[in-house]
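Note sheet for the following structure.
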Amino acid sequence: MTALIHLDKVSVRYGAQTALAAVSLNVEAGKIITVIGPNGAGKSTLIKVALGLLPPDSGTVSRRPGLIVGYVPQRLNIPAALPLSVRRFLAMAAAKGDWPAALGRVGAGHVLHRQMLELSGGELQRVMLARALLRQPDLLVLDEPVGGVDMTGQAEIYDLIAAVARDEGRGVLLVSHDLHVVMAATDEVVCLNRHVCCAGHPEAVSRHPEYLALFGPRVAASLAVYTHVHDHAHLADGRVEHVHGPHCDHGGGCAHG
Ligand SMILES: Nc1ncnc2c1ncn2[C@@H]1O[C@H](COP(=O)(O)OP(=O)(O)OP(=O)(O)O)[C@@H](O)[C@H]1O
């Protein structure tokens with residue numbers, strides 16, 4: 001298997017509600033896969049399945065044997081009464097790591113001796129990323145990693161994520177709403193709305209200008225456009241009907257409607 005992780009037709013239900021329906025995706029070494037989708041689309045559920053925290057109701061998840069995963073959650077809840085320095089927090093993840101270098105790399109060199117509870121939202125996200133990278137992961141899983149980070153910081157963090165994939169050959173599975181910032185550094189976009197609506201390479205933008213019109217000006221401006229092969233229709237009751245036409249007119253607002 002060349003993929004670090006492979007999801008094959010994974011479905012997850014919470015009671016009667018389907019959170020993921022036959023979702024397949026691959027993350028390979030050196031590649032960044034970005035999952036986008038509206039609230040409730042199943043992005044966090046997908047991450048939980050990929051991490052092995054949630055077993056799928058059907059379908060399979062295959063991980064390369066011995067895979068090391070670094071995970072940056074959307075939020076970290078630290079008990080208010082827990083005295084925990086950044087240094088100690090990082091030491092818990094990697095006892096022998098070069099913590100100052102790891103923090104310096106994510107632009108948070110100044111927080112090594114601070115208390116975790118004192119950090120700003122952006123500083124906390126950077127520390128979480130440093131901690132994930134200290135594990136020297138084959139696969140980095142990031143659930144909206146720039147929450148609370150200012151605009152300049154966001155660009156810096158995405159540049160770093162791109163370098164981690166490109167220069168160090170790590171695979172990255174990223175959930176993001178920051179489409180325009182993420183696009184430049186993404187190898188493949190997976191548009192999720194319980195099922196995979198569409199997926200493709202952002203660089204296909206220049207080769208397929210006709211698709212720009214499909215998304216409408218608001219989405220097109222933030223997302224540019226990517227190869228869009230649509231093999232299903234969205235029915236009024238929310239179900240999906242598979243059809244064989246190669247492209248859709250996106251009238252159903254697949255990801256964003
Ligand atoms: N433990 C749970 N029990 C029941 N329903 C759940 C549970 N976790 C998630 N859901 C439901 O499953 C659906 C998908 O949730 P999920 O958190 O995966 O979406 P998301 O795309 O990450 O959303 P958001 O962008 O709002 O974070 C939602 O409708 C949510 O209410």
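The way I read the labels, and the way they are meant: chains A, B, ... in the order of the structure tokens, residue 1 as the first residue of every chain, and ligand 1 as the first ligand shown, with later ones counted on from there.
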Which residues come within 8 Å of A:Glu28, counting only C-alpha atoms, excluding same-chain residues fewer than 5 positions away, as a ChimeraX atom specification?
/A:2-5,171
Store the residues picked out above in a file with N, CA and C atoms, as a PDB file, in the first residue's frame.
```pdb
ATOM      1  N   THR A   2       0.683   2.154  -0.972  1.00  0.00           N
ATOM      2  CA  THR A   2       1.502   3.365  -1.005  1.00  0.00           C
ATOM      3  C   THR A   2       0.931   4.450  -0.099  1.00  0.00           C
ATOM      4  N   ALA A   3      -0.381   4.381   0.162  1.00  0.00           N
ATOM      5  CA  ALA A   3      -0.997   5.412   0.992  1.00  0.00           C
ATOM      6  C   ALA A   3      -0.591   5.231   2.450  1.00  0.00           C
ATOM      7  N   LEU A   4      -0.469   6.358   3.171  1.00  0.00           N
ATOM      8  CA  LEU A   4      -0.259   6.285   4.619  1.00  0.00           C
ATOM      9  C   LEU A   4      -1.537   5.804   5.276  1.00  0.00           C
ATOM     10  N   ILE A   5      -2.636   6.328   4.766  1.00  0.00           N
ATOM     11  CA  ILE A   5      -3.944   5.945   5.298  1.00  0.00           C
ATOM     12  C   ILE A   5      -4.941   5.922   4.159  1.00  0.00           C
ATOM     13  N   GLY A 171       2.707  13.170   5.269  1.00  0.00           N
ATOM     14  CA  GLY A 171       1.378  13.361   4.723  1.00  0.00           C
ATOM     15  C   GLY A 171       0.582  14.261   5.651  1.00  0.00           C
TER      16      GLY A 171
END
```
Close residues to ligand 1 using only C-alpha atoms and all ligand atoms, limit 10 Å, as number ranges by chain
A: 12-20, 35-49, 54, 74, 143-144, 175-177, 192-194
Quick check, in Å to one decimal: how far apart do atom CA of A:Ala163 and atom CA of A:Val23 lie?
27.8 Å
Atom CA of A:Ala155 to atom CA of A:Ala184: how many Å, to one decimal?
10.4 Å
Measuring atom to atom with only C-alpha atoms, identify which of A:Pro65, A:Pro55, A:Gly70, A:Gly107 is nearest to A:Val149.
A:Gly107
Can you tell me which residues surround A:Ile78 at a distance of at most 8 Å, considering only C-alpha atoms, apart from same-chain residues fewer than 2 positions away, and format the answer as a ChimeraX atom specification?
/A:76,80,82,116-117
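For A:Ile161, the residues within 9 Å (counting only C-alpha atoms, excluding itself and residues fewer than 5 positions away along the chain) are Ile32, Leu140, Glu156, Arg166, Val172 and Ala185 of chain A.
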Spatial neighbours of A:Leu84, 12 Å, only C-alpha atoms, chain gap at least 6 places, as a ChimeraX atom specification:
/A:78,90-92,112-119
Export of the given selection (C-alpha atoms) as an mmCIF file, in the first residue's frame:
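Once everything was written out, this is selection_28.cif:
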```cif
data_model
loop_
_atom_site.group_PDB
_atom_site.id
_atom_site.type_symbol
_atom_site.label_atom_id
_atom_site.label_comp_id
_atom_site.auth_asym_id
_atom_site.auth_seq_id
_atom_site.Cartn_x
_atom_site.Cartn_y
_atom_site.Cartn_z
ATOM 1 C CA ILE A 78 -7.079 22.025 29.930
ATOM 2 C CA LEU A 90 5.866 19.175 25.135
ATOM 3 C CA ALA A 91 7.982 16.818 27.251
ATOM 4 C CA MET A 92 4.931 14.605 27.724
ATOM 5 C CA LEU A 112 8.526 27.719 26.505
ATOM 6 C CA HIS A 113 8.336 28.606 30.205
ATOM 7 C CA ARG A 114 4.785 29.930 30.224
ATOM 8 C CA GLN A 115 1.780 28.142 31.692
ATOM 9 C CA MET A 116 -0.514 26.461 29.157
ATOM 10 C CA LEU A 117 -3.540 28.171 30.710
ATOM 11 C CA GLU A 118 -2.007 31.615 30.112
ATOM 12 C CA LEU A 119 -1.565 31.172 26.366
#
```
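Here atom CA of A:Val86 and atom CA of A:Val127 stand 7.5 Å from one another.
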Which residues come within 10 Å of A:Gly97, counting only C-alpha atoms, excluding same-chain residues fewer than 3 positions away, as a PyMOL selection string?
chain A and resi 90-91+93-94+100-102+131+133-136
Extract, using only C-alpha atoms, all DNA, RNA and protein residues at most 12 Å from A:Thr152, discarding same-chain residues fewer than 6 positions from it, and format them as a list in words.
Gly107, Gly122, Val146, Tyr158, Asp159 and Val181 of chain A
